[in-house]
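Student: Next comes work-v3.pdb, PDB, C-alpha atoms:
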ATOM      1  CA  MET A1486     -57.074 158.641 -83.996
ATOM      2  CA  ARG A1487     -59.716 157.161 -81.753
ATOM      3  CA  GLN A1488     -58.366 154.579 -79.387
ATOM      4  CA  THR A1489     -60.318 151.377 -78.906
ATOM      5  CA  GLN A1490     -60.634 150.545 -75.251
ATOM      6  CA  PRO A1491     -60.256 146.889 -74.325
ATOM      7  CA  ARG A1492     -63.479 145.434 -72.963
ATOM      8  CA  ARG A1493     -63.552 145.569 -69.212
ATOM      9  CA  ASN A1494     -63.767 141.951 -68.166
ATOM     10  CA  TYR A1495     -62.717 142.191 -64.545
ATOM     11  CA  LEU A1496     -65.763 141.831 -62.296
ATOM     12  CA  GLY A1497     -63.994 141.752 -58.916
ATOM     13  CA  ALA A1498     -66.143 140.763 -55.948
ATOM     14  CA  VAL A1499     -69.282 141.434 -58.047
ATOM     15  CA  GLY A1500     -68.244 138.388 -60.093
ATOM     16  CA  TRP A1501     -68.870 136.214 -57.056
ATOM     17  CA  LEU A1502     -72.587 136.401 -57.800
ATOM     18  CA  TRP A1503     -73.003 137.824 -61.288
ATOM     19  CA  ALA A1504     -71.316 136.128 -64.225
ATOM     20  CA  GLY A1505     -71.340 139.076 -66.635
ATOM     21  CA  ASN A1506     -70.602 137.902 -70.169
ATOM     22  CA  TYR A1507     -69.642 134.435 -69.039
ATOM     23  CA  LYS A1508     -71.848 131.408 -69.500
ATOM     24  CA  VAL A1509     -72.951 128.422 -67.426
ATOM     25  CA  GLU A1510     -69.408 127.416 -66.427
ATOM     26  CA  ARG A1511     -69.034 130.676 -64.543
ATOM     27  CA  TYR A1512     -72.143 129.912 -62.468
ATOM     28  CA  LEU A1513     -70.754 126.448 -61.744
ATOM     29  CA  TYR A1514     -67.591 128.197 -60.542
ATOM     30  CA  ILE A1515     -69.639 130.477 -58.261
ATOM     31  CA  LEU A1516     -71.531 127.467 -56.893
ATOM     32  CA  HIS A1517     -68.214 125.621 -56.439
ATOM     33  CA  ARG A1518     -66.986 128.500 -54.290
ATOM     34  CA  ILE A1519     -70.206 128.765 -52.237
ATOM     35  CA  THR A1520     -70.341 124.998 -51.592
ATOM     36  CA  GLY A1521     -66.614 125.014 -50.736
ATOM     37  CA  LEU A1522     -67.023 127.754 -48.141
ATOM     38  CA  GLY A1523     -70.156 126.053 -46.768
ATOM     39  CA  ILE A1524     -68.332 122.738 -46.380
ATOM     40  CA  LEU A1525     -65.426 124.563 -44.700
ATOM     41  CA  LEU A1526     -67.880 126.006 -42.147
ATOM     42  CA  PHE A1527     -69.319 122.540 -41.528
ATOM     43  CA  LEU A1528     -65.797 121.094 -41.237
ATOM     44  CA  LEU A1529     -64.993 123.499 -38.388
ATOM     45  CA  LEU A1530     -68.214 122.550 -36.529
ATOM     46  CA  HIS A1531     -67.482 118.865 -37.207
ATOM     47  CA  LEU A1532     -63.934 119.160 -35.831
ATOM     48  CA  ILE A1533     -65.189 120.960 -32.698
ATOM     49  CA  MET A1534     -67.783 118.200 -32.181
ATOM     50  CA  THR A1535     -65.340 115.329 -32.645
ATOM     51  CA  THR A1536     -62.578 116.817 -30.506
ATOM     52  CA  VAL A1537     -63.800 119.303 -27.856
ATOM     53  CA  PHE A1538     -67.052 117.461 -27.114
ATOM     54  CA  ARG A1539     -65.578 114.016 -27.720
ATOM     55  CA  VAL A1540     -62.798 114.274 -25.102
ATOM     56  CA  GLN A1541     -65.242 115.284 -22.344
ATOM     57  CA  GLY A1542     -66.712 111.807 -22.067
ATOM     58  CA  GLN A1543     -69.944 109.960 -22.751
ATOM     59  CA  ASP A1544     -72.420 112.283 -20.990
ATOM     60  CA  VAL A1545     -71.264 115.451 -22.753
ATOM     61  CA  TRP A1546     -71.100 113.647 -26.107
ATOM     62  CA  GLU A1547     -74.601 112.218 -25.830
ATOM     63  CA  ALA A1548     -76.013 115.563 -24.661
ATOM     64  CA  ALA A1549     -74.429 117.272 -27.675
ATOM     65  CA  MET A1550     -75.754 114.587 -30.033
ATOM     66  CA  ALA A1551     -79.233 115.019 -28.515
ATOM     67  CA  VAL A1552     -79.124 118.759 -29.276
ATOM     68  CA  LEU A1553     -78.230 117.976 -32.901
ATOM     69  CA  ASN A1554     -80.974 115.346 -33.231
ATOM     70  CA  ASN A1555     -83.696 117.523 -34.751
ATOM     71  CA  PRO A1556     -85.224 117.887 -38.230
ATOM     72  CA  TRP A1557     -83.568 121.225 -39.007
ATOM     73  CA  PHE A1558     -80.104 119.887 -38.363
ATOM     74  CA  LYS A1559     -80.816 116.753 -40.406
ATOM     75  CA  ILE A1560     -81.964 118.888 -43.328
ATOM     76  CA  GLY A1561     -78.805 120.977 -42.893
ATOM     77  CA  GLU A1562     -76.672 117.813 -42.930
ATOM     78  CA  CYS A1563     -78.422 116.686 -46.106
ATOM     79  CA  LEU A1564     -77.606 120.053 -47.684
ATOM     80  CA  VAL A1565     -73.953 119.585 -46.701
ATOM     81  CA  VAL A1566     -73.959 116.155 -48.364
ATOM     82  CA  ILE A1567     -75.492 117.581 -51.550
ATOM     83  CA  ALA A1568     -72.952 120.426 -51.475
ATOM     84  CA  PHE A1569     -70.203 117.812 -51.124
ATOM     85  CA  VAL A1570     -71.567 115.776 -54.058
ATOM     86  CA  TYR A1571     -71.651 118.893 -56.228
ATOM     87  CA  HIS A1572     -68.208 120.089 -55.127
ATOM     88  CA  ALA A1573     -66.679 116.631 -55.673
ATOM     89  CA  LEU A1574     -68.137 116.020 -59.150
ATOM     90  CA  ASN A1575     -67.578 119.584 -60.360
ATOM     91  CA  GLY A1576     -64.051 119.307 -58.965
ATOM     92  CA  LEU A1577     -63.440 116.102 -60.942
ATOM     93  CA  ARG A1578     -64.732 117.858 -64.070
ATOM     94  CA  LEU A1579     -62.352 120.754 -63.412
ATOM     95  CA  ILE A1580     -59.406 118.398 -62.908
ATOM     96  CA  LEU A1581     -60.108 116.562 -66.175
ATOM     97  CA  GLN A1582     -60.654 119.752 -68.148
ATOM     98  CA  GLN A1583     -57.732 121.655 -66.638
ATOM     99  CA  LEU A1584     -55.454 118.754 -67.527
ATOM    100  CA  GLY A1585     -56.823 118.825 -71.105
ATOM    101  CA  PHE A1586     -59.180 115.851 -71.209
ATOM    102  CA  LEU A1587     -62.772 115.907 -72.541
ATOM    103  CA  MET A1588     -61.944 118.571 -75.102
ATOM    104  CA  VAL A1589     -61.858 118.490 -78.876
ATOM    105  CA  ARG A1590     -58.618 118.726 -80.813
ATOM    106  CA  PRO A1591     -57.612 122.329 -81.546
ATOM    107  CA  ALA A1592     -58.677 123.474 -85.040
ATOM    108  CA  PRO A1593     -57.934 126.616 -87.107
ATOM    109  CA  SER A1594     -60.334 129.399 -86.164
ATOM    110  CA  ILE A1595     -62.225 129.598 -89.470
ATOM    111  CA  TYR A1596     -65.925 130.497 -89.496
ATOM    112  CA  PRO A1597     -68.092 128.701 -88.340
ATOM    113  CA  TYR A1598     -65.916 128.379 -85.270
ATOM    114  CA  ARG A1599     -65.660 124.989 -83.629
ATOM    115  CA  ASP A1600     -64.666 125.845 -80.099
ATOM    116  CA  SER A1601     -63.781 123.290 -77.477
ATOM    117  CA  LEU A1602     -66.340 124.749 -75.079
ATOM    118  CA  ARG A1603     -69.325 123.048 -76.735
ATOM    119  CA  LYS A1604     -67.710 119.637 -76.533
ATOM    120  CA  LYS A1605     -66.805 120.331 -72.938
ATOM    121  CA  ARG A1606     -70.323 121.493 -72.200
ATOM    122  CA  SER A1607     -71.953 118.149 -73.044
ATOM    123  CA  TRP A1608     -69.736 116.551 -70.374
ATOM    124  CA  THR A1609     -70.612 119.425 -68.046
ATOM    125  CA  MET A1610     -74.321 118.754 -68.533
ATOM    126  CA  ALA A1611     -73.734 115.042 -67.861
ATOM    127  CA  MET A1612     -71.991 116.034 -64.626
ATOM    128  CA  ILE A1613     -74.935 118.218 -63.597
ATOM    129  CA  ALA A1614     -77.324 115.318 -64.315
ATOM    130  CA  VAL A1615     -75.291 112.971 -62.097
ATOM    131  CA  VAL A1616     -75.271 115.585 -59.308
ATOM    132  CA  VAL A1617     -79.063 115.946 -59.513
ATOM    133  CA  ILE A1618     -79.590 112.166 -59.432
ATOM    134  CA  LEU A1619     -77.244 111.705 -56.437
ATOM    135  CA  ALA A1620     -78.866 114.652 -54.636
ATOM    136  CA  LEU A1621     -82.265 112.990 -55.106
ATOM    137  CA  VAL A1622     -80.881 109.673 -53.791
ATOM    138  CA  PHE A1623     -79.536 111.335 -50.633
ATOM    139  CA  PHE A1624     -82.774 113.322 -50.197
ATOM    140  CA  TYR A1625     -84.794 110.107 -50.611
ATOM    141  CA  ASP A1626     -82.705 108.522 -47.856
ATOM    142  CA  LEU A1627     -83.342 111.520 -45.605
ATOM    143  CA  VAL A1628     -87.114 111.193 -46.135
ATOM    144  CA  VAL A1629     -87.187 107.389 -45.759
ATOM    145  CA  GLY A1630     -84.815 107.331 -42.771
ATOM    146  CA  GLY A1631     -86.974 109.823 -40.845
ATOM    147  CA  TRP A1632     -86.269 113.493 -40.171
TER     148      TRP A1632
ATOM    149  CA  MET B 425     -43.979 127.852 -59.959
ATOM    150  CA  ARG B 426     -44.849 127.602 -56.291
ATOM    151  CA  ASN B 427     -48.501 128.374 -56.987
ATOM    152  CA  THR B 428     -48.546 125.728 -59.723
ATOM    153  CA  TYR B 429     -47.296 123.213 -57.190
ATOM    154  CA  LEU B 430     -49.912 124.292 -54.625
ATOM    155  CA  TRP B 431     -52.623 124.035 -57.313
ATOM    156  CA  PHE B 432     -51.485 120.542 -58.285
ATOM    157  CA  MET B 433     -51.570 119.497 -54.619
ATOM    158  CA  GLN B 434     -55.118 120.856 -54.558
ATOM    159  CA  LEU B 435     -56.052 118.475 -57.401
ATOM    160  CA  ILE B 436     -54.453 115.442 -55.739
ATOM    161  CA  THR B 437     -55.987 116.138 -52.307
ATOM    162  CA  GLY B 438     -59.317 116.775 -54.061
ATOM    163  CA  VAL B 439     -59.333 113.290 -55.622
ATOM    164  CA  LEU B 440     -58.358 111.680 -52.295
ATOM    165  CA  ILE B 441     -61.135 113.541 -50.472
ATOM    166  CA  ALA B 442     -63.698 112.705 -53.155
ATOM    167  CA  VAL B 443     -62.992 108.987 -52.642
ATOM    168  CA  LEU B 444     -62.616 108.907 -48.835
ATOM    169  CA  LEU B 445     -65.419 111.343 -47.978
ATOM    170  CA  GLY B 446     -67.558 109.718 -50.674
ATOM    171  CA  ILE B 447     -67.367 106.471 -48.675
ATOM    172  CA  HIS B 448     -68.009 108.437 -45.468
ATOM    173  CA  MET B 449     -71.099 110.133 -46.939
ATOM    174  CA  VAL B 450     -72.533 106.851 -48.241
ATOM    175  CA  LEU B 451     -72.068 105.174 -44.836
ATOM    176  CA  MET B 452     -73.385 108.119 -42.816
ATOM    177  CA  HIS B 453     -76.201 109.413 -45.017
ATOM    178  CA  LEU B 454     -77.446 106.443 -47.014
ATOM    179  CA  ASP B 455     -78.133 104.343 -43.904
ATOM    180  CA  ALA B 456     -81.800 103.732 -44.814
ATOM    181  CA  ILE B 457     -80.944 102.541 -48.343
ATOM    182  CA  LEU B 458     -78.030 100.437 -47.015
ATOM    183  CA  GLY B 459     -80.508  98.997 -44.487
ATOM    184  CA  PHE B 460     -82.684  97.687 -47.350
ATOM    185  CA  LEU B 461     -79.567  96.007 -48.746
ATOM    186  CA  GLY B 462     -78.885  94.326 -45.409
ATOM    187  CA  VAL B 463     -76.003  96.543 -44.214
ATOM    188  CA  ASP B 464     -76.618  98.011 -40.766
ATOM    189  CA  VAL B 465     -74.627 101.207 -40.143
ATOM    190  CA  THR B 466     -77.055 102.920 -37.758
ATOM    191  CA  LYS B 467     -74.970 102.184 -34.644
ATOM    192  CA  VAL B 468     -71.716 103.856 -35.740
ATOM    193  CA  THR B 469     -72.463 107.141 -33.926
ATOM    194  CA  SER B 470     -73.139 105.401 -30.586
ATOM    195  CA  TRP B 471     -70.605 105.883 -27.803
ATOM    196  CA  GLU B 472     -69.665 102.161 -27.598
ATOM    197  CA  SER B 473     -68.949 102.013 -31.326
ATOM    198  CA  MET B 474     -66.792 105.153 -31.069
ATOM    199  CA  ILE B 475     -64.796 103.761 -28.128
ATOM    200  CA  GLU B 476     -64.147 100.613 -30.158
ATOM    201  CA  ARG B 477     -62.669 102.679 -33.009
ATOM    202  CA  SER B 478     -60.753 105.042 -30.703
ATOM    203  CA  ASN B 479     -58.722 102.118 -29.364
ATOM    204  CA  GLN B 480     -57.474 101.067 -32.800
ATOM    205  CA  GLY B 481     -54.331 102.633 -34.207
ATOM    206  CA  ILE B 482     -55.494 102.194 -37.793
ATOM    207  CA  TRP B 483     -58.480 104.489 -37.195
ATOM    208  CA  ALA B 484     -56.320 107.124 -35.481
ATOM    209  CA  GLY B 485     -53.928 107.002 -38.448
ATOM    210  CA  LEU B 486     -56.808 107.289 -40.895
ATOM    211  CA  TYR B 487     -58.295 110.265 -39.014
ATOM    212  CA  ILE B 488     -54.974 112.116 -38.936
ATOM    213  CA  ALA B 489     -54.215 111.429 -42.605
ATOM    214  CA  LEU B 490     -57.684 112.568 -43.652
ATOM    215  CA  LEU B 491     -57.366 115.625 -41.394
ATOM    216  CA  ALA B 492     -54.099 116.660 -43.052
ATOM    217  CA  VAL B 493     -55.523 116.227 -46.570
ATOM    218  CA  VAL B 494     -58.829 117.968 -45.818
ATOM    219  CA  LEU B 495     -57.196 120.862 -43.949
ATOM    220  CA  TYR B 496     -54.796 121.474 -46.826
ATOM    221  CA  HIS B 497     -57.566 121.420 -49.429
ATOM    222  CA  ALA B 498     -59.982 123.559 -47.386
ATOM    223  CA  LEU B 499     -57.501 126.195 -46.236
ATOM    224  CA  ASN B 500     -55.726 126.466 -49.590
ATOM    225  CA  GLY B 501     -59.154 126.901 -51.177
ATOM    226  CA  LEU B 502     -60.070 129.620 -48.671
ATOM    227  CA  ARG B 503     -56.726 131.308 -49.310
ATOM    228  CA  LYS B 504     -57.328 131.326 -53.059
ATOM    229  CA  VAL B 505     -60.812 132.815 -52.549
ATOM    230  CA  ILE B 506     -59.359 135.654 -50.472
ATOM    231  CA  LEU B 507     -56.380 136.236 -52.780
ATOM    232  CA  GLU B 508     -58.728 136.466 -55.764
ATOM    233  CA  LEU B 509     -59.948 139.765 -54.324
ATOM    234  CA  THR B 510     -56.436 140.943 -55.355
ATOM    235  CA  PRO B 511     -55.370 142.548 -52.090
ATOM    236  CA  SER B 512     -51.961 144.187 -51.907
ATOM    237  CA  ALA B 513     -48.942 141.871 -51.906
ATOM    238  CA  ARG B 514     -48.460 142.567 -48.209
ATOM    239  CA  ALA B 515     -52.096 141.794 -47.326
ATOM    240  CA  GLY B 516     -51.817 138.625 -49.425
ATOM    241  CA  ARG B 517     -48.756 137.486 -47.477
ATOM    242  CA  VAL B 518     -50.461 138.244 -44.154
ATOM    243  CA  THR B 519     -53.517 136.243 -45.291
ATOM    244  CA  THR B 520     -51.305 133.314 -46.244
ATOM    245  CA  TRP B 521     -49.457 133.249 -42.935
ATOM    246  CA  VAL B 522     -52.611 133.670 -40.828
ATOM    247  CA  ILE B 523     -54.148 130.712 -42.672
ATOM    248  CA  VAL B 524     -50.964 128.625 -42.343
ATOM    249  CA  ALA B 525     -50.840 129.353 -38.595
ATOM    250  CA  PHE B 526     -54.523 128.473 -38.190
ATOM    251  CA  GLY B 527     -53.951 125.235 -40.114
ATOM    252  CA  ILE B 528     -50.960 124.216 -37.996
ATOM    253  CA  VAL B 529     -52.771 124.911 -34.707
ATOM    254  CA  THR B 530     -55.886 123.049 -35.878
ATOM    255  CA  PHE B 531     -53.809 120.112 -37.112
ATOM    256  CA  ILE B 532     -51.878 119.817 -33.833
ATOM    257  CA  TRP B 533     -55.011 119.937 -31.657
ATOM    258  CA  CYS B 534     -57.155 117.672 -33.857
ATOM    259  CA  SER B 535     -54.423 115.047 -34.322
ATOM    260  CA  TYR B 536     -53.515 115.141 -30.614
ATOM    261  CA  VAL B 537     -57.070 114.057 -29.690
ATOM    262  CA  PRO B 538     -57.130 110.628 -31.442
ATOM    263  CA  ILE B 539     -53.573 109.901 -30.226
ATOM    264  CA  ALA B 540     -54.529 110.759 -26.631
ATOM    265  CA  LEU B 541     -57.733 108.703 -26.893
ATOM    266  CA  LEU B 542     -55.741 105.605 -27.967
ATOM    267  CA  SER B 543     -54.652 105.092 -24.340
ATOM    268  CA  ALA B 544     -57.758 106.606 -22.724
TER     269      ALA B 544
END
Once more with this new file: its structure as structure tokens, please.
Tutor:
Amino acid sequence: MRQTQPRRNYLGAVGWLWAGNYKVERYLYILHRITGLGILLFLLLHLIMTTVFRVQGQDVWEAAMAVLNNPWFKIGECLVVIAFVYHALNGLRLILQQLGFLMVRPAPSIYPYRDSLRKKRSWTMAMIAVVVILALVFFYDLVVGGW
Amino acid sequence: MRNTYLWFMQLITGVLIAVLLGIHMVLMHLDAILGFLGVDVTKVTSWESMIERSNQGIWAGLYIALLAVVLYHALNGLRKVILELTPSARAGRVTTWVIVAFGIVTFIWCSYVPIALLSA
């Protein structure tokens, strides 16, 4: 008798960039990971700035701040803020959904299937919209406040 | 069970960070918009303003509390990213302990600084 092989669903490190059969939530997960690692990198730089450079007194601090006072770094900071906004709001969505909120009541799986994912996805899209609006607000401030 | 507990801590620290760093981001990066509304926050990165905060115990306490919460969330997140590559159990344990050691060293150094600056 021919054996049916279970579908291979394990993507390993490839799944960090390619979602395979998964849908939009998987890309949000990938972006969550990328923004998380990016913010971690910024956190380390931020801690070095506010400790190592801070304890050396006013001259060293102001020299370091002068180095950072250029358009490229300000754009980078704005990207960190947008990454934070995304990570925070997607994180709140994950908390609510992992704890069982924003989902429909379970129903018998009779065709046509009414899965909880669609109900969840409308909230997911609302979250993405809020992220885009907040990103535009922070970008507007960057432009208005000067590079 | 232990991983469930660590995951739940990740949720709680995540909410705390979202609120506290949300305020931080608004104050630091919406300064032009806050300026229209009559709130001036452009001087907070000047040396004099920093000295003023360094002398207050409440700020030192806030920095250290935020540091502990952020370090836990960041390093536990990094640990989960690495462990998701499903290394061997031994490599996983080594990863965990390297990250714990890095976290402890970072916490000691970065919480020593605001305490030392209180009397500087």
Student: Write down, as a PDB file with C-alpha atoms, in the coordinates of the input, each residue of chain B that has any atom within 10 Å of an atom of chain A, counting all atoms listed in the file.
Tutor:
ATOM      1  CA  PHE B 432     -51.485 120.542 -58.285  1.00  0.00           C
ATOM      2  CA  GLN B 434     -55.118 120.856 -54.558  1.00  0.00           C
ATOM      3  CA  LEU B 435     -56.052 118.475 -57.401  1.00  0.00           C
ATOM      4  CA  ILE B 436     -54.453 115.442 -55.739  1.00  0.00           C
ATOM      5  CA  GLY B 438     -59.317 116.775 -54.061  1.00  0.00           C
ATOM      6  CA  VAL B 439     -59.333 113.290 -55.622  1.00  0.00           C
ATOM      7  CA  ILE B 441     -61.135 113.541 -50.472  1.00  0.00           C
ATOM      8  CA  ALA B 442     -63.698 112.705 -53.155  1.00  0.00           C
ATOM      9  CA  VAL B 443     -62.992 108.987 -52.642  1.00  0.00           C
ATOM     10  CA  LEU B 445     -65.419 111.343 -47.978  1.00  0.00           C
ATOM     11  CA  GLY B 446     -67.558 109.718 -50.674  1.00  0.00           C
ATOM     12  CA  MET B 449     -71.099 110.133 -46.939  1.00  0.00           C
ATOM     13  CA  VAL B 450     -72.533 106.851 -48.241  1.00  0.00           C
ATOM     14  CA  MET B 452     -73.385 108.119 -42.816  1.00  0.00           C
ATOM     15  CA  HIS B 453     -76.201 109.413 -45.017  1.00  0.00           C
ATOM     16  CA  LEU B 454     -77.446 106.443 -47.014  1.00  0.00           C
ATOM     17  CA  ASP B 455     -78.133 104.343 -43.904  1.00  0.00           C
ATOM     18  CA  ALA B 456     -81.800 103.732 -44.814  1.00  0.00           C
ATOM     19  CA  ILE B 457     -80.944 102.541 -48.343  1.00  0.00           C
ATOM     20  CA  LEU B 458     -78.030 100.437 -47.015  1.00  0.00           C
ATOM     21  CA  GLY B 459     -80.508  98.997 -44.487  1.00  0.00           C
ATOM     22  CA  THR B 469     -72.463 107.141 -33.926  1.00  0.00           C
ATOM     23  CA  SER B 470     -73.139 105.401 -30.586  1.00  0.00           C
ATOM     24  CA  TRP B 471     -70.605 105.883 -27.803  1.00  0.00           C
ATOM     25  CA  GLU B 472     -69.665 102.161 -27.598  1.00  0.00           C
ATOM     26  CA  MET B 474     -66.792 105.153 -31.069  1.00  0.00           C
ATOM     27  CA  ILE B 475     -64.796 103.761 -28.128  1.00  0.00           C
ATOM     28  CA  LEU B 491     -57.366 115.625 -41.394  1.00  0.00           C
ATOM     29  CA  VAL B 494     -58.829 117.968 -45.818  1.00  0.00           C
ATOM     30  CA  LEU B 495     -57.196 120.862 -43.949  1.00  0.00           C
ATOM     31  CA  HIS B 497     -57.566 121.420 -49.429  1.00  0.00           C
ATOM     32  CA  ALA B 498     -59.982 123.559 -47.386  1.00  0.00           C
ATOM     33  CA  LEU B 499     -57.501 126.195 -46.236  1.00  0.00           C
ATOM     34  CA  GLY B 501     -59.154 126.901 -51.177  1.00  0.00           C
ATOM     35  CA  LEU B 502     -60.070 129.620 -48.671  1.00  0.00           C
ATOM     36  CA  VAL B 505     -60.812 132.815 -52.549  1.00  0.00           C
ATOM     37  CA  GLU B 508     -58.728 136.466 -55.764  1.00  0.00           C
ATOM     38  CA  LEU B 509     -59.948 139.765 -54.324  1.00  0.00           C
ATOM     39  CA  THR B 510     -56.436 140.943 -55.355  1.00  0.00           C
ATOM     40  CA  THR B 530     -55.886 123.049 -35.878  1.00  0.00           C
ATOM     41  CA  TRP B 533     -55.011 119.937 -31.657  1.00  0.00           C
ATOM     42  CA  CYS B 534     -57.155 117.672 -33.857  1.00  0.00           C
ATOM     43  CA  SER B 535     -54.423 115.047 -34.322  1.00  0.00           C
ATOM     44  CA  TYR B 536     -53.515 115.141 -30.614  1.00  0.00           C
ATOM     45  CA  VAL B 537     -57.070 114.057 -29.690  1.00  0.00           C
ATOM     46  CA  PRO B 538     -57.130 110.628 -31.442  1.00  0.00           C
ATOM     47  CA  ALA B 540     -54.529 110.759 -26.631  1.00  0.00           C
ATOM     48  CA  LEU B 541     -57.733 108.703 -26.893  1.00  0.00           C
ATOM     49  CA  ALA B 544     -57.758 106.606 -22.724  1.00  0.00           C
TER      50      ALA B 544
END
Student: Of the residues B:Trp431, B:Leu444, B:Phe526, B:Leu507, which is the one nearest to Leu486 of chain B, using only C-alpha atoms?
Tutor: B:Leu444
Student: To one decimal place, how far is atom CA of Val1617 of chain A from atom CA of His1517 of chain A in Å?
Tutor: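 That distance, rounded to one decimal, is 14.9 Å.
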Student: Excluding segment 1605-1607 of chain A and its own-chain neighbours fewer than 2 positions away, which residues fall within 12 Å of it when counting only C-alpha atoms? Please give them as a compact mmCIF listing (two decimals) with C-alpha atoms, in the coordinates of the input.
Tutor:
# COMPACT_ATOMS: atom_id res chain seq x y z
CA LYS A 1508 -71.85 131.41 -69.50
CA VAL A 1509 -72.95 128.42 -67.43
CA GLU A 1510 -69.41 127.42 -66.43
CA LEU A 1513 -70.75 126.45 -61.74
CA ARG A 1578 -64.73 117.86 -64.07
CA LEU A 1579 -62.35 120.75 -63.41
CA LEU A 1581 -60.11 116.56 -66.18
CA GLN A 1582 -60.65 119.75 -68.15
CA GLN A 1583 -57.73 121.66 -66.64
CA GLY A 1585 -56.82 118.82 -71.10
CA PHE A 1586 -59.18 115.85 -71.21
CA LEU A 1587 -62.77 115.91 -72.54
CA MET A 1588 -61.94 118.57 -75.10
CA VAL A 1589 -61.86 118.49 -78.88
CA ARG A 1590 -58.62 118.73 -80.81
CA ARG A 1599 -65.66 124.99 -83.63
CA ASP A 1600 -64.67 125.84 -80.10
CA SER A 1601 -63.78 123.29 -77.48
CA LEU A 1602 -66.34 124.75 -75.08
CA ARG A 1603 -69.32 123.05 -76.74
CA THR A 1609 -70.61 119.42 -68.05
CA MET A 1610 -74.32 118.75 -68.53
CA ALA A 1611 -73.73 115.04 -67.86
CA MET A 1612 -71.99 116.03 -64.63
CA ILE A 1613 -74.94 118.22 -63.60
CA ALA A 1614 -77.32 115.32 -64.32
Student: Can you work out the spacing between atom CA of Ile488 of chain B and atom CA of Ala1568 of chain A in Å, to one decimal?
Tutor: 23.4 Å
Student: Report the distance between atom CA of Val524 of chain B and atom CA of His448 of chain B in Å, rounded to one decimal place.
Tutor: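 Atom CA of His448 of chain B lies 26.6 Å from atom CA of Val524 of chain B.
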Student: For each of B:Thr520, B:Val468, B:Phe531, B:Phe460, take the minimum atom-to-atom distance to Leu490 of chain B, counting all atoms listed in the file, then give the residue where this is smallest.
Tutor: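 Selected residue with least distance to Leu490 of chain B: B:Phe531.
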Student: Given the PyMOL selection byres ((chain B and resi 481) around 12) and the file above, list the residues it selects as a PyMOL selection string.
Tutor: chain B and resi 476-480+482-488+538-543
Student: Could you tell me which of A:Tyr1596, A:Trp1608, A:Ala1548, A:Tyr1514 comes closest to Met1534 of chain A if we count only C-alpha atoms?
Tutor: A:Ala1548
Student: Take every atom of segment 511-526 of chain B listed in the file, pad by 6 Å on each side, and give me the axis-aligned box centre and edge lengths in Å, one decimal, as AutoDock Vina command-line options.
Tutor:
--center_x -51.9 --center_y 136.3 --center_z -45.1 --size_x 18.9 --size_y 27.7 --size_z 25.9
Student: When you count all atoms listed in the file, which of these residues is closest to Gly1561 of chain A: A:Ile1618, A:Phe1527, A:Arg1511, A:Ile1519?
Tutor: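 The closest residue to Gly1561 of chain A is A:Phe1527.
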